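Novice: This is my_file15.txt (compact mmCIF, C-alpha atoms).
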# COMPACT_ATOMS: atom_id res chain seq x y z
CA MET A 1 0.00 0.00 0.00
CA ILE A 2 1.08 3.60 -0.63
CA GLU A 3 1.43 5.19 2.80
CA ALA A 4 2.46 8.50 4.30
CA GLY A 5 6.20 9.02 3.93
CA ASP A 6 6.63 6.84 0.83
CA ALA A 7 7.18 9.84 -1.47
CA GLU A 8 9.97 11.17 0.73
CA LYS A 9 11.63 7.73 0.80
CA LEU A 10 11.47 7.58 -2.99
CA ARG A 11 12.84 11.12 -3.31
CA GLU A 12 15.88 10.18 -1.21
CA GLN A 13 16.55 7.14 -3.41
CA LEU A 14 16.19 9.15 -6.63
CA ILE A 15 18.60 11.81 -5.38
CA LYS A 16 21.17 9.11 -4.63
CA LEU A 17 20.61 7.48 -8.01
CA GLN A 18 20.90 10.80 -9.81
CA ALA A 19 24.21 11.48 -8.07
CA SER A 20 25.70 8.03 -8.70
CA SER A 21 24.28 7.30 -12.20
CA PRO A 22 23.07 10.51 -13.82
CA ALA A 23 20.84 10.15 -16.87
CA LYS A 24 22.33 10.63 -20.30
CA PRO A 25 20.96 13.56 -22.34
CA GLY A 26 17.54 12.75 -23.74
CA MET A 27 17.23 9.56 -21.67
CA PRO A 28 15.16 8.75 -18.56
CA LEU A 29 16.94 8.42 -15.23
CA ALA A 30 15.47 5.00 -14.44
CA THR A 31 12.49 2.68 -14.71
CA ILE A 32 10.29 1.91 -11.71
CA GLU A 33 7.77 -0.94 -11.50
CA LEU A 34 4.50 -0.21 -9.73
CA SER A 35 2.27 -2.80 -8.06
CA SER A 36 -0.19 -1.55 -5.46
CA LEU A 37 -3.89 -1.61 -4.59
CA GLY A 38 -3.67 2.10 -3.77
CA GLY A 39 -3.42 4.01 -0.53
CA ASP A 40 -2.85 7.61 0.44
CA LEU A 41 -4.05 10.01 -2.25
CA SER A 42 -1.60 12.83 -1.56
CA GLU A 43 1.36 10.41 -1.44
CA GLY A 44 0.37 8.94 -4.79
CA ILE A 45 0.28 12.41 -6.32
CA ARG A 46 3.64 13.34 -4.78
CA ILE A 47 5.17 10.15 -6.19
CA GLY A 48 3.82 11.02 -9.63
CA GLU A 49 5.32 14.49 -9.37
CA LEU A 50 8.68 12.98 -8.39
CA LEU A 51 8.63 10.60 -11.35
CA ARG A 52 7.94 13.49 -13.70
CA SER A 53 10.57 15.83 -12.24
CA PHE A 54 13.31 13.16 -12.11
CA LYS A 55 12.31 11.78 -15.56
CA VAL A 56 11.61 8.26 -14.33
CA VAL A 57 9.58 5.80 -16.42
CA ALA A 58 6.89 3.89 -14.51
CA VAL A 59 5.76 0.45 -15.71
CA VAL A 60 3.00 -1.91 -14.56
CA ARG A 61 3.91 -5.49 -15.50
CA LYS A 62 1.35 -7.93 -16.88
CA GLN A 63 0.97 -9.84 -13.61
CA ASP A 64 0.53 -6.69 -11.52
CA VAL A 65 -2.31 -4.42 -10.37
CA CYS A 66 -2.02 -0.63 -10.02
CA LEU A 67 -5.11 1.04 -8.60
CA SER A 68 -6.17 4.59 -7.74
CA ALA A 69 -3.32 6.25 -5.80
CA CYS A 70 -0.92 3.95 -7.67
CA ALA A 71 -2.56 4.80 -11.01
CA LEU A 72 -2.22 8.51 -10.23
CA ALA A 73 1.48 7.98 -9.56
CA LEU A 74 1.78 6.10 -12.87
CA LEU A 75 0.64 9.19 -14.78
CA GLY A 76 3.84 10.97 -13.79
CA GLY A 77 6.07 8.19 -15.11
CA ASN A 78 5.61 8.68 -18.83
CA ALA A 79 8.93 10.36 -19.65
CA VAL A 80 9.82 9.90 -23.32
CA ARG A 81 13.40 9.79 -24.53
CA THR A 82 14.55 12.07 -27.34
CA ALA A 83 14.69 9.28 -29.94
CA ALA A 84 11.41 7.66 -28.96
CA ALA A 85 10.64 4.29 -30.50
CA TYR A 86 8.16 1.60 -29.48
CA PRO A 87 8.09 0.35 -26.75
CA SER A 88 10.49 2.83 -25.14
CA ASP A 89 8.89 4.43 -22.11
CA CYS A 90 5.56 2.61 -22.52
CA ASN A 91 3.86 2.10 -19.19
CA ILE A 92 1.37 -0.78 -19.18
CA GLU A 93 2.02 -4.37 -20.19
CA ILE A 94 -0.99 -6.12 -21.71
CA GLY A 95 -2.54 -8.19 -18.94
CA SER A 96 -1.86 -5.72 -16.14
CA LYS A 97 -4.75 -3.98 -14.39
CA VAL A 98 -4.69 -0.21 -14.04
CA ALA A 99 -7.69 1.67 -12.65
CA PHE A 100 -8.66 4.96 -11.07
CA HIS A 101 -10.91 5.37 -8.08
CA ASN A 102 -12.69 8.21 -6.35
CA PHE A 103 -11.07 9.08 -3.02
CA PHE A 104 -12.94 8.79 0.27
CA LEU A 105 -12.46 10.16 3.77
CA ASP A 106 -11.50 8.30 6.94
CA ARG A 107 -14.77 8.49 8.86
CA SER A 108 -13.24 7.15 12.06
CA ALA A 109 -10.65 9.93 12.00
CA LEU A 110 -13.41 12.48 11.55
CA ARG A 111 -15.31 11.10 14.53
CA SER A 112 -12.22 11.06 16.76
CA GLY A 113 -11.24 14.56 15.75
CA THR A 114 -14.62 16.13 16.55
CA PRO A 115 -16.45 13.59 18.74
CA ASP A 116 -18.85 16.04 20.38
CA ASP A 117 -19.46 18.50 17.57
CA PRO A 118 -21.27 17.11 14.47
CA VAL A 119 -21.19 20.51 12.76
CA ALA A 120 -17.41 20.76 13.12
CA SER A 121 -17.14 17.20 11.89
CA ARG A 122 -19.06 18.08 8.73
CA LEU A 123 -16.99 21.20 8.19
CA GLN A 124 -13.80 19.22 8.60
CA GLY A 125 -14.98 16.56 6.15
CA PHE A 126 -15.99 19.23 3.62
CA ALA A 127 -12.63 20.99 3.94
CA ASP A 128 -10.73 17.70 3.51
CA ALA A 129 -12.80 16.74 0.47
CA ARG A 130 -12.32 20.17 -1.08
CA GLY A 131 -8.57 19.93 -0.48
CA GLY A 132 -8.46 16.50 -2.11
CA ALA A 133 -10.39 17.73 -5.14
CA ALA A 134 -8.11 20.76 -5.54
CA MET A 135 -5.06 18.51 -5.32
CA LEU A 136 -6.46 16.25 -8.06
CA ILE A 137 -7.38 19.15 -10.34
CA ARG A 138 -3.92 20.73 -10.03
CA TYR A 139 -2.18 17.40 -10.63
CA ALA A 140 -4.32 16.59 -13.67
CA ALA A 141 -3.50 20.00 -15.16
CA ASP A 142 0.22 19.53 -14.51
CA MET A 143 0.13 16.12 -16.22
CA GLY A 144 -1.69 17.50 -19.27
CA LEU A 145 -4.81 15.41 -18.75
CA PRO A 146 -8.16 16.32 -20.34
CA PRO A 147 -10.37 18.71 -18.34
CA ASN A 148 -13.04 16.06 -17.75
CA PHE A 149 -10.65 13.59 -16.10
CA VAL A 150 -11.25 14.77 -12.53
CA ALA A 151 -14.97 15.31 -13.10
CA ASN A 152 -15.42 11.75 -14.38
CA LEU A 153 -13.37 10.37 -11.50
CA MET A 154 -15.23 12.22 -8.77
CA ALA A 155 -18.66 11.53 -10.26
CA ARG A 156 -18.18 7.78 -9.77
CA PRO A 157 -19.26 5.95 -6.62
CA VAL A 158 -16.28 5.22 -4.38
CA GLU A 159 -16.73 1.46 -4.85
CA GLU A 160 -16.49 1.69 -8.66
CA PHE A 161 -13.14 1.51 -10.47
CA GLN A 162 -12.46 3.12 -13.83
CA TYR A 163 -10.15 0.69 -15.62
CA VAL A 164 -7.87 1.79 -18.44
CA GLU A 165 -9.04 -0.51 -21.23
CA THR A 166 -9.42 1.30 -24.54
CA ILE A 167 -7.15 3.07 -26.98
CA GLY A 168 -9.01 6.32 -26.34
CA GLU A 169 -8.44 6.08 -22.59
CA LEU A 170 -4.73 5.40 -23.07
CA LEU A 171 -4.37 8.33 -25.45
CA ALA A 172 -6.22 10.69 -23.11
CA LEU A 173 -3.90 9.74 -20.25
CA ASN A 174 -0.69 9.83 -22.34
CA LEU A 175 -0.07 6.15 -21.55
CA CYS A 176 0.82 3.33 -23.92
CA LEU A 177 0.77 -0.46 -23.93
CA VAL A 178 3.78 -2.75 -24.09
CA GLY A 179 3.01 -5.67 -26.39
CA LEU A 180 0.56 -3.88 -28.70
CA GLU A 181 0.67 -5.36 -32.19
CA ARG A 182 -0.66 -3.85 -35.41
CA PRO A 183 -4.47 -4.25 -35.61
CA ALA A 184 -5.76 -7.08 -37.79
CA LEU A 185 -7.56 -4.64 -40.08
CA PRO A 186 -7.27 -3.84 -43.79
CA MET A 187 -4.85 -1.00 -44.47
CA SER A 188 -7.78 1.14 -45.63
CA HIS A 189 -9.46 0.74 -42.21
CA GLN A 190 -6.22 1.62 -40.46
CA ALA A 191 -6.04 4.77 -42.59
CA VAL A 192 -9.55 5.74 -41.44
CA ASN A 193 -8.52 5.27 -37.80
CA VAL A 194 -5.39 7.39 -38.27
CA CYS A 195 -7.52 10.11 -39.84
CA ASN A 196 -10.20 9.97 -37.15
CA ASN A 197 -7.63 10.09 -34.34
CA SER A 198 -5.96 13.10 -35.99
CA LEU A 199 -9.10 15.24 -36.23
CA ALA A 200 -10.12 17.80 -33.61
CA ALA A 201 -13.10 15.62 -32.66
CA PRO A 202 -13.64 11.97 -33.67
CA ALA A 203 -16.56 11.08 -35.94
CA PRO A 204 -18.57 7.84 -36.21
CA LEU A 205 -16.73 5.29 -38.34
CA SER A 206 -19.87 4.87 -40.44
CA ALA A 207 -19.44 8.45 -41.68
CA PHE A 208 -16.09 7.76 -43.37
CA ILE A 209 -15.46 6.84 -47.00
CA VAL A 210 -11.98 5.69 -47.95
CA GLY A 211 -10.32 5.06 -51.28
CA PRO A 212 -6.76 4.23 -52.37
CA ILE A 213 -4.60 6.62 -54.36
CA ALA A 214 -2.56 4.76 -56.98
CA ALA A 215 1.14 4.91 -56.11
CA PRO A 216 2.38 6.32 -59.47
CA GLN A 217 -0.04 9.26 -59.25
CA ALA A 218 0.05 9.88 -55.50
CA ARG A 219 2.47 12.81 -55.54
CA GLN A 220 0.77 14.49 -58.46
CA TYR A 221 -2.62 14.00 -56.82
CA MET A 222 -1.39 15.62 -53.59
CA LEU A 223 0.13 18.54 -55.52
CA GLU A 224 -3.23 19.05 -57.21
CA ARG A 225 -4.75 19.38 -53.74
CA VAL A 226 -2.19 22.10 -52.95
CA GLN A 227 -2.98 23.81 -56.23
CA ALA A 228 -6.72 23.66 -55.53
CA GLY A 229 -6.14 25.32 -52.17
CA MET A 230 -4.11 28.08 -53.79
CA ASN A 231 -6.80 28.62 -56.40
CA ALA A 232 -9.47 28.82 -53.71
CA ALA A 233 -7.39 31.46 -51.93
CA ARG A 234 -6.73 33.23 -55.26
CA ALA A 235 -3.02 33.05 -54.55
CA LYS A 236 -0.62 34.72 -57.01
CA GLY A 237 3.12 34.70 -57.40
CA LYS A 238 5.95 32.46 -58.54
CA LEU A 239 4.57 29.31 -56.94
CA ALA A 240 1.16 29.78 -58.55
CA ASP A 241 2.84 30.36 -61.89
CA GLN A 242 4.96 27.25 -61.37
CA PHE A 243 1.85 25.14 -60.76
CA ALA A 244 0.41 26.45 -64.02
CA THR A 245 3.42 25.15 -65.95
CA TRP A 246 2.51 21.99 -67.86
CA SER A 247 5.78 20.15 -67.18
CA VAL A 248 5.66 20.72 -63.44
CA MET A 249 2.31 18.97 -63.07
CA ARG A 250 2.77 16.31 -65.77
CA VAL A 251 6.44 15.29 -65.90
CA LYS A 252 7.37 12.83 -63.14
CA ASP A 253 10.81 14.27 -62.40
CA GLU A 254 9.35 17.77 -62.12
CA VAL A 255 6.51 16.52 -59.90
CA ASP A 256 8.95 14.74 -57.59
CA LYS A 257 11.23 17.79 -57.36
CA LEU A 258 8.38 20.19 -56.58
CA TYR A 259 6.91 17.78 -54.04
CA ASP A 260 10.22 17.44 -52.19
CA ASP A 261 10.85 21.20 -52.32
CA LEU A 262 7.43 22.01 -50.89
CA ARG A 263 7.83 19.45 -48.10
CA ALA A 264 11.24 20.91 -47.25
CA ALA A 265 9.65 24.37 -47.15
CA GLY A 266 7.10 23.19 -44.58
CA VAL A 267 4.04 22.70 -46.76
CA ALA A 268 1.70 20.07 -45.26
CA LEU A 269 2.38 17.20 -47.63
CA PRO A 270 2.70 13.61 -46.39
CA GLU A 271 5.82 11.56 -46.88
CA LEU A 272 4.59 8.65 -49.01
CA VAL A 273 5.80 5.65 -47.04
CA GLY A 274 3.48 2.99 -48.49
CA PRO A 275 -0.17 2.56 -49.53
CA THR A 276 -1.83 5.98 -49.63
CA PHE A 277 -5.52 6.73 -49.08
CA GLU A 278 -7.96 9.59 -49.36
CA VAL A 279 -10.35 9.53 -46.40
CA SER A 280 -13.59 11.49 -46.77
CA LEU A 281 -16.41 12.34 -44.38
CA ASN A 282 -20.10 12.07 -45.22
CA GLN A 283 -21.80 14.77 -43.19
CA SER A 284 -25.55 15.08 -43.79
CA GLY A 285 -25.14 13.87 -47.36
CA ARG A 286 -22.21 16.18 -48.12
CA VAL A 287 -19.04 14.23 -48.83
CA ARG A 288 -15.75 16.08 -48.43
CA PRO A 289 -12.12 14.94 -48.14
CA ALA A 290 -10.94 14.92 -44.52
CA CYS A 291 -7.44 13.38 -44.61
CA TYR A 292 -4.73 11.90 -46.76
CA VAL A 293 -2.93 9.02 -45.08
CA SER A 294 0.13 7.03 -46.17
CA LEU A 295 0.99 3.87 -44.21
CA SER A 296 4.10 1.75 -44.10
CA ALA A 297 3.25 -1.89 -44.76
CA THR A 298 6.06 -3.13 -42.48
CA ASP A 299 6.39 -0.60 -39.63
CA PRO A 300 3.18 0.09 -37.64
CA ASP A 301 4.71 3.23 -36.13
CA ARG A 302 5.51 4.77 -39.51
CA TYR A 303 2.76 6.65 -41.28
CA GLU A 304 1.99 10.17 -42.45
CA VAL A 305 -1.28 12.10 -42.33
CA VAL A 306 -2.38 15.57 -43.41
CA LEU A 307 -5.83 17.06 -43.06
CA GLN A 308 -7.89 18.72 -45.76
CA GLY A 309 -8.87 22.13 -44.43
CA GLU A 310 -11.08 24.84 -45.86
CA ARG A 311 -8.09 26.57 -47.46
CA GLY A 312 -5.90 23.60 -48.27
CA LEU A 313 -3.83 20.93 -46.55
CA THR A 314 -2.95 21.30 -42.86
CA GLU A 315 -1.06 19.36 -40.20
CA ALA A 316 -2.92 16.93 -37.95
CA ILE A 317 -4.68 18.59 -35.02
CA ARG A 318 -4.12 15.74 -32.59
CA LYS A 319 -0.76 13.98 -32.49
CA PRO A 320 0.05 10.37 -31.49
CA LEU A 321 2.38 9.55 -28.64
CA ALA A 322 5.97 9.76 -29.89
CA ASN A 323 6.83 6.30 -28.56
CA ALA A 324 3.61 4.49 -29.58
CA ARG A 325 2.38 5.96 -32.84
CA ARG A 326 0.75 2.60 -33.64
CA MET A 327 -2.09 3.41 -31.27
CA PHE A 328 -3.55 5.72 -33.95
CA LEU A 329 -4.08 2.64 -36.17
CA PHE A 330 -6.89 1.56 -33.80
CA ASP A 331 -10.35 2.95 -33.27
CA ARG A 332 -10.52 4.85 -29.97
CA LEU A 333 -13.20 2.49 -28.60
CA THR A 334 -11.11 -0.64 -29.16
CA VAL A 335 -10.51 -2.56 -25.92
CA VAL A 336 -6.83 -3.52 -25.86
CA ASN A 337 -6.37 -4.39 -22.17
CA GLN A 338 -9.42 -6.17 -20.79
CA ARG A 339 -10.59 -5.26 -17.30
CA PRO A 340 -10.45 -8.06 -14.71
CA SER A 341 -13.15 -10.63 -14.10
CA SER A 342 -15.79 -10.02 -11.46
CA GLY A 343 -13.81 -12.33 -9.17
CA LEU A 344 -10.86 -9.96 -9.06
CA ARG A 345 -13.16 -6.98 -8.62
CA ASP A 346 -14.71 -8.70 -5.59
CA ILE A 347 -11.24 -8.96 -4.04
CA VAL A 348 -10.31 -5.37 -4.78
CA LEU A 349 -13.57 -3.52 -4.15
CA PRO A 350 -14.08 -2.55 -0.52
CA ASP A 351 -17.20 -2.97 1.53
CA LEU A 352 -17.02 0.53 2.94
CA GLU A 353 -19.98 0.35 5.29
CA GLY A 354 -18.75 0.23 8.84
CA ARG A 355 -15.10 -0.29 7.83
CA GLN A 356 -12.08 1.90 8.47
CA ALA A 357 -10.40 3.67 5.53
CA ALA A 358 -7.19 5.61 5.03
CA PRO A 359 -7.33 9.42 5.15
CA LEU A 360 -8.13 10.79 1.68
CA SER A 361 -7.70 7.24 0.48
CA SER A 362 -8.07 5.96 -3.03
CA GLY A 363 -8.55 2.27 -3.61
CA VAL A 364 -7.62 1.03 -0.15
CA VAL A 365 -9.18 -2.29 0.78
CA PRO A 366 -10.26 -1.75 4.39
CA GLY A 367 -9.28 -4.58 6.68
CA ARG A 368 -6.71 -6.02 4.30
CA VAL A 369 -3.45 -7.13 5.87
CA GLY A 370 -0.85 -4.43 5.35
CA ALA A 371 -3.37 -1.73 4.56
CA SER A 372 -2.76 1.75 5.82
CA LYS A 373 -4.81 2.88 8.77
Please render this file's structure as structure tokens.

Specialist:
Amino acid sequence: MIEAGDAEKLREQLIKLQASSPAKPGMPLATIELSSLGGDLSEGIRIGELLRSFKVVAVVRKQDVCLSACALALLGGNAVRTAAAYPSDCNIEIGSKVAFHNFFLDRSALRSGTPDDPVASRLQGFADARGGAAMLIRYAADMGLPPNFVANLMARPVEEFQYVETIGELLALNLCLVGLERPALPMSHQAVNVCNNSLAAPAPLSAFIVGPIAAPQARQYMLERVQAGMNAARAKGKLADQFATWSVMRVKDEVDKLYDDLRAAGVALPELVGPTFEVSLNQSGRVRPACYVSLSATDPDRYEVVLQGERGLTEAIRKPLANARRMFLFDRLTVVNQRPSSGLRDIVLPDLEGRQAAPLSSGVVPGRVGASK
């Protein structure tokens, strides 16, 4: 269990490690394995802050469980090295169980603190709960979590765990799975998922239409999209004149040269790394291109995507994790790490009525041997 004083003990160890074996530039200091049913909320948050500040990677192995206060600590251990490549710095092995849990107050401590004054007891409980909520909100903001993370957590009953199961949940928490293979989907479906994950807001898969772009014409086709954007903006100048030149848009060597030059200049054009697709959206009967996606057939972490905006091609709005780009090949609702059976939940979930719980605790199993007070 995570108990008061654990963060300070960890800080002392990390200081010693940093002095004896400092991290190389662009590399994490160390890897720490987490396995805990939870414990003290504030200690879990402090541990997460330590992992982030010392650039320590946290991992939950496939045989382990990391709940509530432990899961909060895990969020701080997602340091990514400069040359990120899968599965560097990924946090959750497939088969492990990671879940968040609403914190609860130690009712026995409240009674002992204000035994003869029920009003003071309520005020104390309210102040403690408000402090816990503020701590969570600040931590979530520091970790770059979505605004609804704390709201969803605190809206749940204290006996209900929120397991990290789907691609969307992993992406929202900046976590990634160790052992994640390429999805068993046609390349065209993977292109749709990459597009959908790159948009500002995901759309229903049924709204997408996808078609391949023949390899020999892919560069010319993409340049025509650039030209269409310039025409829509009524752009003039040397580049517009160059597009109007017959050889530039029809001779392969000229097409290749212009394509490479524009990419080098920062124009949103995808590197063509394999099969390339145009992904369109059908919105109320109006079909419009949404993305252009090129996928490597051999490397699931290598793909390129650009969006079709109102005035031409643009970069993706949402970006994949640097060390697990393959997660964008999946639909956000895909379950990739199944939550435990009801049997395990029965072991983990507390019967809170009449039991003693840790102060501002998160996921403590009251009465369990070794549990905090």

Novice: Pick out the closest residue to Val210 in chain A from this set: A:Gln308, A:Thr276, A:Ser20, A:Asn337. Count only C-alpha atoms.

Specialist: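 Result for the nearest residue to Val210 in chain A: A:Thr276.
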
Novice: Measure the distance from CA of Pro300 in chain A to CA of Pro186 in chain A in Å and round it to one decimal.

Specialist: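 For CA of Pro300 in chain A relative to CA of Pro186 in chain A, the distance reads 12.7 Å.
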
Novice: Restricting the calculation to only C-alpha atoms, which member of A:Ala151, A:Met230, A:Leu175, A:Leu37 is positioned closest to Ala79 in chain A?

Specialist: A:Leu175

Novice: What is the distance, in Å and to one decimal place, between CA of Ala215 in chain A and CA of Pro275 in chain A?

Specialist: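 Computing the Euclidean distance for CA of Ala215 in chain A and CA of Pro275 in chain A yields 7.1 Å.
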
Novice: Would you mind reading off the distance between CA of Glu304 in chain A and CA of Val273 in chain A, one decimal, in Å?

Specialist: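 We find that CA of Glu304 in chain A and CA of Val273 in chain A lie 7.5 Å from each other.
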
Novice: In terms of the shortest atom-to-atom distance over only C-alpha atoms, which of A:Val267, A:Leu145, A:Ala83, A:Ile2 is closest to Leu171 in chain A?

Specialist: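 Between A:Val267, A:Leu145, A:Ala83, A:Ile2, the residue approaching Leu171 in chain A most closely is A:Leu145.
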
Novice: With all atoms listed in the file as the atoms that count, which of A:Ile167, A:Ile32, A:Ala172, A:Ile47 lies nearest to Glu8 in chain A?

Specialist: A:Ile47

Novice: Show me as a ChimeraX atom specification the residues that reach within 8 Å of (3.5, 0.6, -8.9), counting all atoms listed in the file and using the file's own coordinates.

Specialist: /A:32-36,58-60,65-66,70-71,73-74

Novice: Give me, as a PyMOL selection string, all polymer residues having an atom no more than 10 Å from Glu169 in chain A, counting all atoms listed in the file and skipping those fewer than 4 positions away in the same chain.

Specialist: chain A and resi 163-165+173-176+332-335

Novice: Could the residues in this selection be written to a file with C-alpha atoms, as a PDB file, keeping the file's coordinate frame?

Specialist:
ATOM      1  CA  TYR A 163     -10.150   0.690 -15.620  1.00  0.00           C
ATOM      2  CA  VAL A 164      -7.870   1.790 -18.440  1.00  0.00           C
ATOM      3  CA  GLU A 165      -9.040  -0.510 -21.230  1.00  0.00           C
ATOM      4  CA  LEU A 173      -3.900   9.740 -20.250  1.00  0.00           C
ATOM      5  CA  ASN A 174      -0.690   9.830 -22.340  1.00  0.00           C
ATOM      6  CA  LEU A 175      -0.070   6.150 -21.550  1.00  0.00           C
ATOM      7  CA  CYS A 176       0.820   3.330 -23.920  1.00  0.00           C
ATOM      8  CA  ARG A 332     -10.520   4.850 -29.970  1.00  0.00           C
ATOM      9  CA  LEU A 333     -13.200   2.490 -28.600  1.00  0.00           C
ATOM     10  CA  THR A 334     -11.110  -0.640 -29.160  1.00  0.00           C
ATOM     11  CA  VAL A 335     -10.510  -2.560 -25.920  1.00  0.00           C
TER      12      VAL A 335
END

Novice: Between A:Ala155, A:Val57, A:Ala324, A:Ala290, single out the one closest to Glu181 in chain A, counting only C-alpha atoms.

Specialist: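 Of A:Ala155, A:Val57, A:Ala324, A:Ala290, the one nearest Glu181 in chain A is A:Ala324, counting only C-alpha atoms.
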